[in-house]
Every structure is written in C-alpha cells, then in structure tokens.
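K.L.:
Structure file coords20.cif, mmCIF, C-alpha atoms and all ligand atoms, is pasted below:
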```
data_entry
loop_
_atom_site.label_atom_id
_atom_site.label_comp_id
_atom_site.auth_asym_id
_atom_site.auth_seq_id
_atom_site.Cartn_x
_atom_site.Cartn_y
_atom_site.Cartn_z
CA GLY A 578 -14.73 -9.04 -1.91
CA ASN A 579 -15.57 -7.28 -5.14
CA TYR A 580 -18.06 -4.82 -3.70
CA GLN A 581 -18.18 -2.69 -6.83
CA GLY A 582 -19.21 -5.84 -8.68
CA GLN A 583 -22.27 -6.09 -6.44
CA VAL A 584 -23.71 -2.81 -7.74
CA PHE A 585 -22.28 -3.07 -11.26
CA LYS A 586 -24.84 -3.24 -14.03
CA GLU A 587 -23.88 -4.08 -17.60
CA GLY A 588 -24.62 -1.00 -19.68
CA GLY A 589 -24.81 1.28 -16.64
CA SER A 590 -27.59 2.16 -14.23
CA ARG A 591 -30.49 4.57 -14.56
CA PHE A 592 -29.33 6.10 -11.29
CA PRO A 593 -26.13 8.13 -10.84
CA PHE A 594 -23.26 6.73 -8.77
CA GLY A 595 -21.49 9.99 -7.95
CA VAL A 596 -22.77 12.34 -5.25
CA THR A 597 -22.66 15.45 -7.47
CA GLU A 598 -24.46 13.60 -10.25
CA LEU A 599 -27.10 12.38 -7.82
CA GLU A 600 -27.78 15.91 -6.62
CA GLU A 601 -27.99 17.14 -10.23
CA ALA A 602 -30.40 14.35 -11.15
CA ALA A 603 -32.57 15.29 -8.17
CA ARG A 604 -32.51 18.93 -9.27
CA ARG A 605 -33.75 17.89 -12.73
CA ALA A 606 -36.43 15.62 -11.29
CA LEU A 607 -37.93 18.20 -8.94
CA SER A 608 -39.64 21.57 -9.15
CA THR A 609 -37.37 24.46 -8.21
CA ARG A 610 -39.28 25.06 -5.00
CA SER A 611 -39.01 21.43 -3.86
CA PHE A 612 -35.35 21.11 -4.75
CA ASP A 613 -34.52 24.43 -3.09
CA TYR A 614 -36.26 23.34 0.08
CA ILE A 615 -34.38 20.03 0.26
CA ALA A 616 -30.96 21.28 -0.85
CA GLY A 617 -31.31 24.59 0.97
CA ALA A 618 -29.10 25.78 3.78
CA ALA A 619 -28.98 28.67 6.21
CA GLY A 620 -27.57 32.02 5.13
CA ARG A 621 -24.78 31.95 2.57
CA GLY A 622 -24.45 28.21 2.97
CA LEU A 623 -21.12 28.44 4.79
CA THR A 624 -22.00 25.82 7.39
CA ALA A 625 -23.35 23.41 4.77
CA ALA A 626 -20.20 23.83 2.66
CA ALA A 627 -17.94 23.46 5.71
CA ASN A 628 -19.70 20.18 6.55
CA LEU A 629 -18.64 18.73 3.21
CA ASP A 630 -15.17 20.30 3.12
CA ALA A 631 -14.28 18.91 6.55
CA PHE A 632 -14.11 15.37 5.17
CA ALA A 633 -11.53 16.43 2.59
CA ARG A 634 -9.18 17.46 5.41
CA TRP A 635 -8.68 13.85 6.50
CA GLY A 636 -6.68 11.24 4.67
CA LEU A 637 -7.01 7.50 5.18
CA ARG A 638 -3.92 5.53 6.14
CA TYR A 639 -4.57 2.25 4.39
CA ARG A 640 -2.80 -1.02 4.99
CA VAL A 641 -1.32 -3.59 2.63
CA LEU A 642 -1.13 -7.37 2.58
CA ARG A 643 -3.82 -7.75 5.17
CA GLU A 644 -5.22 -11.14 5.80
CA GLY A 645 -8.55 -11.22 3.98
CA THR A 646 -11.68 -12.27 5.79
CA ALA A 647 -15.24 -11.38 4.96
CA VAL A 648 -16.12 -7.86 6.01
CA ASP A 649 -18.92 -7.59 8.56
CA THR A 650 -20.33 -4.06 8.81
CA SER A 651 -23.23 -4.88 11.11
CA VAL A 652 -23.64 -2.95 14.34
CA ARG A 653 -26.11 -2.84 17.19
CA LEU A 654 -27.12 0.53 18.49
CA LEU A 655 -29.58 1.27 21.35
CA GLY A 656 -30.69 -2.34 20.98
CA THR A 657 -31.33 -2.05 17.24
CA PRO A 658 -29.44 -4.34 14.85
CA MET A 659 -28.28 -2.68 11.62
CA SER A 660 -26.55 -4.06 8.53
CA MET A 661 -24.21 -1.08 8.48
CA PRO A 662 -23.66 1.96 10.72
CA VAL A 663 -25.79 4.23 8.54
CA LEU A 664 -29.30 5.46 9.34
CA LEU A 665 -31.76 7.53 7.35
CA ALA A 666 -31.79 10.91 9.10
CA PRO A 667 -35.16 12.35 10.02
CA ALA A 668 -36.33 14.70 7.29
CA GLY A 669 -39.76 16.24 7.19
CA VAL A 670 -41.94 16.73 4.13
CA ALA A 671 -40.38 13.93 2.07
CA ASP A 672 -43.40 14.09 -0.23
CA LEU A 673 -41.71 17.12 -1.78
CA ALA A 674 -39.25 14.59 -3.23
CA ASP A 675 -41.69 11.85 -4.23
CA PRO A 676 -45.33 11.02 -3.46
CA GLY A 677 -44.21 7.66 -1.99
CA ALA A 678 -42.34 9.72 0.61
CA GLU A 679 -41.48 8.19 4.00
CA CYS A 680 -43.24 4.88 3.22
CA ALA A 681 -41.03 4.35 0.16
CA ALA A 682 -37.98 5.22 2.27
CA ALA A 683 -39.13 2.83 5.02
CA ARG A 684 -39.32 -0.05 2.52
CA ALA A 685 -35.91 0.83 1.09
CA ALA A 686 -34.40 0.98 4.59
CA ALA A 687 -35.94 -2.39 5.43
CA GLU A 688 -34.57 -3.87 2.22
CA ALA A 689 -31.07 -2.58 3.05
CA GLY A 690 -31.29 -3.55 6.73
CA VAL A 691 -30.77 0.02 7.92
CA THR A 692 -32.83 2.05 10.38
CA GLN A 693 -35.08 4.89 9.35
CA VAL A 694 -35.50 7.70 11.85
CA LEU A 695 -38.93 9.12 11.13
CA SER A 696 -39.46 12.86 11.50
CA THR A 697 -42.28 14.36 13.55
CA SER A 698 -42.75 16.55 10.45
CA ALA A 699 -43.13 13.54 8.16
CA SER A 700 -45.59 13.80 5.30
CA THR A 701 -47.14 10.48 6.34
CA SER A 702 -48.35 9.56 9.82
CA LEU A 703 -46.00 7.49 11.94
CA GLU A 704 -48.55 4.66 12.04
CA GLN A 705 -48.77 4.48 8.24
CA VAL A 706 -44.99 4.50 7.88
CA ALA A 707 -44.72 1.71 10.45
CA GLN A 708 -47.23 -0.35 8.46
CA ALA A 709 -45.22 0.16 5.25
CA ALA A 710 -42.37 -1.97 6.65
CA PRO A 711 -43.81 -3.69 9.73
CA GLU A 712 -40.82 -5.93 10.46
CA ALA A 713 -38.16 -3.24 10.11
CA PRO A 714 -36.67 -1.57 13.18
CA LYS A 715 -37.42 2.13 13.27
CA TRP A 716 -36.79 5.13 15.48
CA PHE A 717 -38.88 8.27 15.98
CA GLN A 718 -37.48 11.81 15.88
CA PHE A 719 -39.39 13.85 18.39
CA ALA A 720 -39.98 17.57 17.90
CA TRP A 721 -41.28 18.36 21.39
CA PRO A 722 -44.46 20.38 20.94
CA ASP A 723 -45.42 23.17 23.32
CA ASP A 724 -48.43 21.23 24.60
CA GLU A 725 -47.93 18.43 27.11
CA LYS A 726 -50.90 16.33 25.98
CA LEU A 727 -49.78 16.41 22.37
CA ALA A 728 -46.17 15.69 23.35
CA ARG A 729 -47.23 12.65 25.41
CA SER A 730 -49.53 11.52 22.64
CA PHE A 731 -46.71 11.55 20.05
CA ILE A 732 -44.51 9.46 22.35
CA ALA A 733 -47.31 7.03 23.18
CA ARG A 734 -48.20 6.66 19.50
CA ALA A 735 -44.57 6.04 18.53
CA GLU A 736 -44.27 3.36 21.21
CA ALA A 737 -47.53 1.72 20.19
CA ALA A 738 -46.50 1.68 16.53
CA GLY A 739 -43.24 -0.11 17.34
CA TYR A 740 -40.61 2.63 17.16
CA SER A 741 -37.76 1.48 19.38
CA ALA A 742 -35.90 4.71 20.20
CA ILE A 743 -36.71 8.40 20.52
CA MET A 744 -34.42 10.99 18.98
CA LEU A 745 -35.14 14.39 20.47
CA MET A 746 -34.47 17.26 18.09
CA GLY A 747 -32.46 19.73 20.13
CA ASP A 748 -31.44 22.33 17.58
CA CYS A 749 -34.58 23.65 15.97
CA TYR A 750 -36.43 26.16 18.17
CA THR A 751 -37.00 28.23 15.08
CA ALA A 752 -36.72 27.69 11.35
CA GLY A 753 -33.31 28.70 10.02
CA TRP A 754 -32.85 31.79 7.83
CA ARG A 755 -32.87 30.20 4.37
CA PRO A 756 -32.66 32.65 1.48
CA ARG A 757 -33.32 30.07 -1.26
CA GLU A 758 -36.57 29.08 0.39
CA LEU A 759 -37.47 32.74 0.79
CA ALA A 760 -36.63 33.45 -2.85
CA ALA A 761 -38.74 30.51 -4.02
CA GLY A 762 -41.57 31.96 -1.94
CA PHE A 763 -42.51 28.54 -0.67
CA SER A 764 -42.46 27.41 2.93
CA PRO A 765 -43.92 23.87 2.90
CA PHE A 766 -45.40 23.92 6.40
CA GLN A 767 -47.36 27.09 5.71
CA HIS A 768 -49.09 25.14 2.92
CA GLY A 769 -49.94 22.22 5.16
CA TYR A 770 -47.07 19.92 4.18
CA GLY A 771 -45.40 17.93 6.95
CA LEU A 772 -48.39 18.11 9.30
CA ASP A 773 -49.58 14.52 9.03
CA ASN A 774 -48.50 13.45 12.50
CA TYR A 775 -50.37 16.44 13.86
CA LEU A 776 -53.46 15.99 11.69
CA SER A 777 -53.71 12.36 12.75
CA ASP A 778 -53.77 13.32 16.45
CA PRO A 779 -57.08 14.12 18.17
CA ARG A 780 -55.25 16.35 20.64
CA PHE A 781 -54.11 18.50 17.72
CA TRP A 782 -57.68 18.74 16.36
CA GLU A 783 -58.71 19.91 19.81
CA LEU A 784 -55.97 22.55 19.94
CA ALA A 785 -56.82 23.78 16.44
CA GLY A 786 -60.57 23.69 16.96
CA LEU A 787 -60.99 21.15 14.16
CA SER A 788 -63.79 18.61 14.35
CA HIS A 789 -61.68 15.93 12.66
CA GLY A 790 -58.29 15.34 11.07
CA GLY A 791 -57.37 14.25 7.60
CA THR A 792 -54.79 15.35 5.13
CA ASP A 793 -57.20 16.66 2.51
CA ILE A 794 -56.59 19.85 4.45
CA ARG A 795 -54.53 21.41 1.67
CA ASN A 796 -57.73 21.72 -0.36
CA ASP A 797 -59.75 23.19 2.47
CA PRO A 798 -58.60 26.79 3.11
CA ALA A 799 -60.53 27.31 6.35
CA ARG A 800 -59.21 24.18 8.05
CA LEU A 801 -55.74 24.70 6.59
CA GLU A 802 -55.52 28.14 8.13
CA LYS A 803 -56.51 26.87 11.58
CA ALA A 804 -54.10 23.93 11.41
CA VAL A 805 -51.14 25.98 10.22
CA ALA A 806 -51.72 28.73 12.79
CA THR A 807 -51.89 26.11 15.55
CA TRP A 808 -48.79 24.34 14.27
CA ASN A 809 -46.86 27.63 14.20
CA ARG A 810 -47.86 28.17 17.82
CA ILE A 811 -46.97 24.75 19.24
CA PHE A 812 -44.33 23.27 16.87
CA THR A 813 -41.48 23.79 19.34
CA LYS A 814 -41.15 24.24 23.06
CA PRO A 815 -38.58 27.01 23.55
CA SER A 816 -38.40 26.51 27.31
CA LEU A 817 -36.79 23.05 27.07
CA THR A 818 -33.67 22.41 29.16
CA PRO A 819 -31.60 19.26 29.77
CA ALA A 820 -33.73 18.67 32.89
CA ASP A 821 -36.69 17.93 30.61
CA LEU A 822 -35.01 14.67 29.65
CA SER A 823 -36.22 13.27 32.97
CA VAL A 824 -39.77 14.32 32.01
CA LEU A 825 -39.39 12.47 28.72
CA ARG A 826 -37.91 9.53 30.63
CA SER A 827 -41.03 9.42 32.84
CA TRP A 828 -43.18 9.08 29.70
CA THR A 829 -41.25 6.28 28.00
CA LYS A 830 -38.84 3.44 28.65
CA LEU A 831 -37.40 3.72 25.14
CA PRO A 832 -33.80 4.89 24.76
CA ILE A 833 -33.48 8.64 24.19
CA ALA A 834 -30.95 10.19 21.82
CA VAL A 835 -30.47 13.95 21.62
CA LYS A 836 -29.79 15.35 18.17
CA GLY A 837 -28.04 18.54 17.18
CA VAL A 838 -25.20 18.70 19.69
CA CYS A 839 -21.91 20.39 18.81
CA ARG A 840 -20.44 21.55 22.13
CA PRO A 841 -18.62 18.91 24.21
CA GLU A 842 -19.70 20.40 27.55
CA GLU A 843 -23.35 20.22 26.47
CA ALA A 844 -22.94 16.60 25.41
CA ALA A 845 -21.63 15.74 28.87
CA GLN A 846 -24.47 17.65 30.51
CA LEU A 847 -27.05 15.80 28.40
CA VAL A 848 -25.56 12.44 29.31
CA ASP A 849 -25.66 13.45 32.98
CA ALA A 850 -29.31 14.40 32.45
CA GLY A 851 -30.11 10.94 31.10
CA ALA A 852 -29.46 10.92 27.34
CA ASP A 853 -28.79 7.40 26.06
CA ALA A 854 -27.04 8.66 22.93
CA ILE A 855 -25.73 11.94 21.54
CA VAL A 856 -26.11 12.93 17.90
CA VAL A 857 -23.45 15.37 16.76
CA SER A 858 -25.14 17.33 13.98
CA ASN A 859 -25.73 20.86 12.80
CA HIS A 860 -28.88 19.94 10.90
CA GLY A 861 -26.97 19.76 7.63
CA GLY A 862 -26.19 23.48 7.91
CA ARG A 863 -29.88 24.32 7.58
CA GLN A 864 -30.24 26.12 10.88
CA LEU A 865 -27.34 28.46 11.63
CA ASP A 866 -24.84 29.81 9.15
CA SER A 867 -21.21 30.61 9.96
CA GLY A 868 -21.20 27.41 11.98
CA VAL A 869 -18.36 25.01 12.60
CA ALA A 870 -18.26 21.91 10.38
CA ALA A 871 -20.13 19.18 12.24
CA LEU A 872 -17.22 16.79 11.68
CA ASP A 873 -14.89 19.12 13.59
CA CYS A 874 -17.19 18.83 16.61
CA LEU A 875 -17.19 15.04 16.62
CA ALA A 876 -13.89 14.04 18.25
CA PRO A 877 -14.17 16.61 21.07
CA VAL A 878 -17.69 15.39 21.90
CA VAL A 879 -16.57 11.76 21.79
CA ALA A 880 -13.70 12.60 24.15
CA GLU A 881 -15.99 14.38 26.60
CA VAL A 882 -18.64 11.64 26.53
CA ALA A 883 -15.84 9.16 27.19
CA GLY A 884 -17.70 6.03 26.16
CA ARG A 885 -20.62 6.56 28.54
CA VAL A 886 -23.10 6.48 25.63
CA PRO A 887 -22.78 6.03 21.86
CA VAL A 888 -22.22 9.14 19.76
CA LEU A 889 -23.90 9.33 16.36
CA PHE A 890 -23.03 11.79 13.65
CA ASP A 891 -24.66 13.55 10.70
CA SER A 892 -24.24 16.59 8.45
CA GLY A 893 -22.19 16.14 5.32
CA VAL A 894 -21.88 12.35 5.03
CA ARG A 895 -22.01 11.49 1.33
CA THR A 896 -19.76 8.49 0.66
CA GLY A 897 -18.51 5.23 2.13
CA THR A 898 -15.18 6.86 2.97
CA ASP A 899 -17.06 9.64 4.80
CA VAL A 900 -18.71 6.94 6.92
CA LEU A 901 -15.29 5.46 7.64
CA ILE A 902 -13.78 8.83 8.63
CA ALA A 903 -16.65 9.59 11.02
CA LEU A 904 -16.30 6.16 12.64
CA ALA A 905 -12.54 6.57 12.93
CA LEU A 906 -13.20 9.86 14.75
CA GLY A 907 -15.36 8.00 17.25
CA ALA A 908 -18.90 7.92 15.87
CA SER A 909 -20.82 4.68 16.45
CA ALA A 910 -22.93 5.35 13.36
CA VAL A 911 -23.82 8.12 10.95
CA MET A 912 -27.03 9.37 9.39
CA ILE A 913 -27.58 10.68 5.89
CA GLY A 914 -30.11 13.42 5.16
CA ARG A 915 -30.13 14.93 1.69
CA PRO A 916 -28.70 11.83 -0.05
CA TRP A 917 -31.76 9.70 0.70
CA LEU A 918 -34.09 12.51 -0.31
CA TYR A 919 -32.18 12.83 -3.60
CA GLY A 920 -32.47 9.07 -4.11
CA LEU A 921 -36.19 9.34 -3.43
CA ALA A 922 -36.47 12.19 -5.93
CA VAL A 923 -34.75 10.30 -8.73
CA GLY A 924 -36.34 6.88 -8.23
CA GLY A 925 -38.73 6.55 -5.29
CA GLN A 926 -38.05 3.43 -3.22
CA ALA A 927 -35.64 2.07 -5.87
CA GLY A 928 -33.70 5.34 -5.75
CA VAL A 929 -33.25 5.17 -1.97
CA GLU A 930 -32.25 1.51 -2.26
CA HIS A 931 -29.67 2.50 -4.86
CA VAL A 932 -28.18 5.17 -2.58
CA LEU A 933 -27.96 2.71 0.32
CA ARG A 934 -26.53 -0.08 -1.84
CA CYS A 935 -23.80 2.23 -3.15
CA LEU A 936 -22.95 3.44 0.37
CA GLN A 937 -22.81 -0.13 1.64
CA ALA A 938 -20.55 -1.25 -1.22
CA GLU A 939 -18.21 1.73 -0.92
CA PHE A 940 -18.05 1.40 2.86
CA ASN A 941 -17.23 -2.33 2.61
CA ASP A 942 -14.57 -1.48 0.08
CA ALA A 943 -13.04 1.25 2.26
CA LEU A 944 -13.13 -0.94 5.35
CA GLU A 945 -11.34 -3.79 3.62
CA LEU A 946 -8.77 -1.52 1.95
CA THR A 947 -7.89 0.12 5.27
CA GLY A 948 -7.34 -3.35 6.70
CA HIS A 949 -10.45 -3.77 8.81
CA HIS A 950 -13.08 -6.46 8.92
CA ARG A 951 -15.44 -4.81 11.36
CA CYS A 952 -16.51 -1.32 12.35
CA ASP A 953 -15.33 -1.34 15.96
CA THR A 954 -11.61 -1.60 15.18
CA LEU A 955 -11.53 1.77 13.38
CA SER A 956 -9.70 4.52 15.25
CA ALA A 957 -7.86 7.80 14.80
CA ALA A 958 -4.81 5.72 13.83
CA ASP A 959 -6.53 5.18 10.46
CA LEU A 960 -6.52 8.92 9.76
CA THR A 961 -4.00 11.57 9.02
CA PRO A 962 -4.79 15.30 8.86
CA LEU A 963 -4.01 16.59 5.38
CA PRO A 964 -1.87 19.68 5.00
CA ALA A 965 -3.95 22.84 4.58
CA HIS A 966 -3.91 24.32 1.11
CA GLY A 967 -3.05 27.89 0.13
C1 LIG A 1001 -33.88 17.80 7.65
N1 LIG A 1001 -33.42 17.57 8.95
C2 LIG A 1001 -34.35 17.35 9.95
N2 LIG A 1001 -33.92 16.99 11.21
C3 LIG A 1001 -34.81 16.72 12.18
O1 LIG A 1001 -34.40 16.39 13.29
N3 LIG A 1001 -36.15 16.82 11.93
C4 LIG A 1001 -36.65 17.17 10.73
O2 LIG A 1001 -37.86 17.22 10.52
C5 LIG A 1001 -35.72 17.47 9.70
N4 LIG A 1001 -36.15 17.86 8.46
C6 LIG A 1001 -35.26 17.97 7.42
C7 LIG A 1001 -35.72 18.21 6.14
C8 LIG A 1001 -34.84 18.27 5.06
C9 LIG A 1001 -35.37 18.52 3.69
C10 LIG A 1001 -33.45 18.06 5.30
C11 LIG A 1001 -32.46 18.06 4.15
C12 LIG A 1001 -32.99 17.84 6.56
C13 LIG A 1001 -31.99 17.43 9.24
C14 LIG A 1001 -31.52 15.99 9.05
O3 LIG A 1001 -32.03 15.14 10.02
C15 LIG A 1001 -29.99 15.88 9.12
O4 LIG A 1001 -29.53 16.44 10.34
C16 LIG A 1001 -29.27 16.57 7.98
O5 LIG A 1001 -29.97 16.45 6.77
C17 LIG A 1001 -27.88 15.94 7.83
O6 LIG A 1001 -27.13 16.60 6.88
P1 LIG A 1001 -26.97 16.11 5.36
O7 LIG A 1001 -26.77 14.60 5.37
O8 LIG A 1001 -28.22 16.50 4.66
O9 LIG A 1001 -25.77 16.87 4.93
#
```
Produce structure tokens that represent the structure in this file.
P.N.:
Amino acid sequence: GNYQGQVFKEGGSRFPFGVTELEEAARRALSTRSFDYIAGAAGRGLTAAANLDAFARWGLRYRVLREGTAVDTSVRLLGTPMSMPVLLAPAGVADLADPGAECAAARAAAEAGVTQVLSTSASTSLEQVAQAAPEAPKWFQFAWPDDEKLARSFIARAEAAGYSAIMLMGDCYTAGWRPRELAAGFSPFQHGYGLDNYLSDPRFWELAGLSHGGTDIRNDPARLEKAVATWNRIFTKPSLTPADLSVLRSWTKLPIAVKGVCRPEEAAQLVDAGADAIVVSNHGGRQLDSGVAALDCLAPVVAEVAGRVPVLFDSGVRTGTDVLIALALGASAVMIGRPWLYGLAVGGQAGVEHVLRCLQAEFNDALELTGHHRCDTLSAADLTPLPAHG
C-alpha cells in the first residue's frame, strides 16, 4: 500500500513530519519552563541520548519480491485490542503542553485505535478522561501512594471508570535530578499541577485536612500548601517489594503490568510474583543518568521472561522503524512518551492524531518493506547490528 499517500497533503501539513522538527515546533509553541519539563532528562542527559542512539545501532534486513498482501498491524495485549502495537505512555501534567491535556490525547488515541495509559499524575481526573472517550480501551498507570486507603481508592476508581489494566510504576521512588527543571525554577507538582486524581479523592482531602477537593487549588494558597505538602509525603511508597504485587492482586482482577524494568533477573522475579506484563523502560532517561539505553535491556529481559508474559517497551521510540526494531527484539508493543506530548503542544488533539497517523503509516511501510504482513512474524532475523563507528 501507499502509506505515505495516506498522510500526504497537497501543499504540506501544518504539522511537522520529522521527529526533530516536531520537537522544535513544540519548543516554539511552549513556554521555556513547560518545554524544559517535558523534554527534560536526568543529569547530563546521557541516558536520554543513549535511548535514541541505541536504535541507530541496528540495521533492518529487508526483503525483496515479497508476495504483497494487506498489512495488518493490529495486536491484542492483556485483552485489549489495538490497531497497532503502540500505546500512549503515561505522562503526568499534560496540561503543560495544552489545556486540552489528557482528554484531547484520549480522543486522539480513540480515533487512532490505540490505547492511552493514563498517569496517576494526570492533570485531569481519571473519570473525566474516561468520559472524554467512553468507548476507547484505556489502561491506568498506578503510582502506589504511601496510604493504603488512597491506594485502594485509586484502583477501585480506575476499575469503576472502565480502565482495563493497571500499569504499576516501578522506577520512580523519587523525582530524578533534572538540571533543566532546576534552572527553570519550576517544578509543576509544587505548584499544584498533576494533582487532579488526588484532589478528586475524598481520602486525599482527609489526609490533607481539606474540607473538599477541586482544582481551583492553584488560586488558593492555603489549600495549595496543604495539598502539595501531603502529596510530597504520600506520592510514593518506598517500601514496595515484588511481594506487594500479591497485595495489588487482592485488590483487583485487572491484569497488572510493571513499568520501569531493565534487569532481566528482576523481570523474572516480578513474573514469579504475579506480574502479567513487564515494561522495559528507563522513564525516557528522566530518572537516572549514566543509565544503559533501554533498548539494550530489551532482548535480555525478553530472553529471561521466556514468553511467560508479554514484554512492552518504551524510552526512545520516535519512528515507525523504531517500533519495528523493538518488536524484532521481542517487544509485544511499545509506548511513546514525549512524541505525543509534542503533538499535543503543537496541535492539541489534532496534533496527537497527526503523530499517531505518521507512526502508523511509517510502521506499515517498514513492515511491508521488510517482508512482513503482521507484527508477530518479526524476529531478530530482521536485524543486523551495525558496525560501531570511530
Ligand atoms: C513521563 N513518564 C511518566 N511515567 C509514568 O509512569 N508516570 C508518569 O506520571 C510519567 N510522567 C511523565 C511526564 C513527562 C513529561 C514525560 C516526558 C514522561 C515516563 C513515560 O511514561 C515514558 O516512560 C517515557 O516518556 C518514554 O520515553 P520517551 O518516549 O519520552 O523517550
């Protein structure tokens, strides 16, 4: 098929097609502090750069004269049907990119047939996001708070609102050391951004000593101070261990994925402890600098998990060929983080739709050119390591 033709617009598009151009357009569209928060990375940015560079170390071994049949990129993951193996990664405070925030992204995801994973730190409550695209499948990323009642409430609310899987954030006990954010002097959560799931929960009001919730809190210094101090205290539960997966299992029947894994032995341990999926990720290089490229952790984790559960991947996926490489290395699906936030920044819902449409077209293209018609026939045989430079 002519996939490029599907996104081609006579006279060009108001949205960029290249990843660098998209990032630049987002930079122009946003305030410095918002862009720096979204684009930011830990330390010198070595992990974030390594995430991107890792893809350039693989070459695709394409085929010729392959019998042409229509490409079908659909997959089913943890019971959720998806038009392609790409999900919107959970990202808090999306209202820094656009006031439409997670609701705009939810509608774009629904339009594209992909799954949005909503962050606990979303700038819109999980119920409101669910209402924005009621028919669309959605998953909930769970930041386990250090209060059992609040933790159980989040899970119960996600279930009630129709989220069909829980993705436990495993790699964020503390905010990463992010110099750009520090230089901009703006930490969104300390200003009350990203607290909507908390402020819409009566248990949180109780913990904070607030008589009611509501997100007008940013204009009410006394309530803001209480809410932020409480959030700082309970945002994460540092004592979590793999054994806590059985606690989570006792609260919900939904499938549980664990996000942020990079060590194979930990992946195996988490599967033993009851994880229904593993997400290989280093948080887009936002947490720990001098880290290993997430892509380099993928194949070893896949080998160790040995098909017992699906392995998802994120951190550095930017193009359709990146999606193909990750799948060839054993991922069942990938998530994109910054790219959807950049799309949101440049065009709201239409911008996210554009990003997804381009990824879908380029992935279809890459799949067909490498001689595949479906995702599940990709394997390491489609890849060759490129010689190291210099
Ligand atoms: C994130 N990420 C993230 N992850 C998570 O589990 N919960 C969260 O609230 C957030 N918040 C968040 C905010 C912003 C602005 C970004 C950019 C990222 C991490 C995200 O889910 C994902 O792991 C990375 O973004 C993937 O890397 P790329 O695609 O951005 O390179």
K.L.:
Need to verify the contact set: Ser823 of chain A, 10 Å, only C-alpha atoms, exclusion of same-chain residues closer than 6 positions in sequence. Can you return it as an mmCIF file with C-alpha atoms, in the frame of the given file?
P.N.:
```cif
data_model
loop_
_atom_site.group_PDB
_atom_site.id
_atom_site.type_symbol
_atom_site.label_atom_id
_atom_site.label_comp_id
_atom_site.auth_asym_id
_atom_site.auth_seq_id
_atom_site.Cartn_x
_atom_site.Cartn_y
_atom_site.Cartn_z
ATOM 1 C CA THR A 829 -41.250 6.280 28.000
ATOM 2 C CA ALA A 850 -29.310 14.400 32.450
ATOM 3 C CA GLY A 851 -30.110 10.940 31.100
ATOM 4 C CA ALA A 852 -29.460 10.920 27.340
#
```
K.L.:
Just want the residues within 6 Å of ligand LIG 1001 (chain A), written as a PDB file with C-alpha atoms, in the frame of the given file, counting all atoms listed in the file.
P.N.:
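Below is the file out_22.pdb, written as the result:
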```pdb
ATOM      1  CA  ILE A 615     -34.380  20.030   0.260  1.00  0.00           C
ATOM      2  CA  ALA A 666     -31.790  10.910   9.100  1.00  0.00           C
ATOM      3  CA  PRO A 667     -35.160  12.350  10.020  1.00  0.00           C
ATOM      4  CA  ALA A 668     -36.330  14.700   7.290  1.00  0.00           C
ATOM      5  CA  GLY A 669     -39.760  16.240   7.190  1.00  0.00           C
ATOM      6  CA  SER A 696     -39.460  12.860  11.500  1.00  0.00           C
ATOM      7  CA  SER A 698     -42.750  16.550  10.450  1.00  0.00           C
ATOM      8  CA  MET A 746     -34.470  17.260  18.090  1.00  0.00           C
ATOM      9  CA  SER A 858     -25.140  17.330  13.980  1.00  0.00           C
ATOM     10  CA  HIS A 860     -28.880  19.940  10.900  1.00  0.00           C
ATOM     11  CA  GLY A 861     -26.970  19.760   7.630  1.00  0.00           C
ATOM     12  CA  ASP A 891     -24.660  13.550  10.700  1.00  0.00           C
ATOM     13  CA  SER A 892     -24.240  16.590   8.450  1.00  0.00           C
ATOM     14  CA  GLY A 893     -22.190  16.140   5.320  1.00  0.00           C
ATOM     15  CA  VAL A 894     -21.880  12.350   5.030  1.00  0.00           C
ATOM     16  CA  ILE A 913     -27.580  10.680   5.890  1.00  0.00           C
ATOM     17  CA  GLY A 914     -30.110  13.420   5.160  1.00  0.00           C
ATOM     18  CA  ARG A 915     -30.130  14.930   1.690  1.00  0.00           C
TER      19      ARG A 915
END
```
K.L.:
Figure out the distance between atom CA of Tyr614 of chain A and atom CA of Tyr919 of chain A, please, to one decimal in Å.
P.N.:
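Taking atom CA of Tyr919 of chain A as the start and atom CA of Tyr614 of chain A as the end point, the length is 11.9 Å.
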K.L.:
I want to know what sits within 9 Å of segment 929-931 of chain A, based on only C-alpha atoms, with residues of the same chain fewer than 5 positions away left out; could you give that as a PyMOL selection string?
P.N.:
chain A and resi 584+592-594+681-682+684-686+688-689+916-924+936
K.L.:
Take atom CA of Gln864 of chain A and atom CA of Ser764 of chain A and report the distance between them in Å, one decimal.
P.N.:
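Value for the atom CA of Gln864 of chain A-atom CA of Ser764 of chain A distance: 14.6 Å.
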K.L.:
Which residues come within 8 Å of Arg780 of chain A, counting only C-alpha atoms, excluding same-chain residues fewer than 2 positions away, as number ranges by chain?
P.N.:
A: 726-727, 730, 778, 782-784
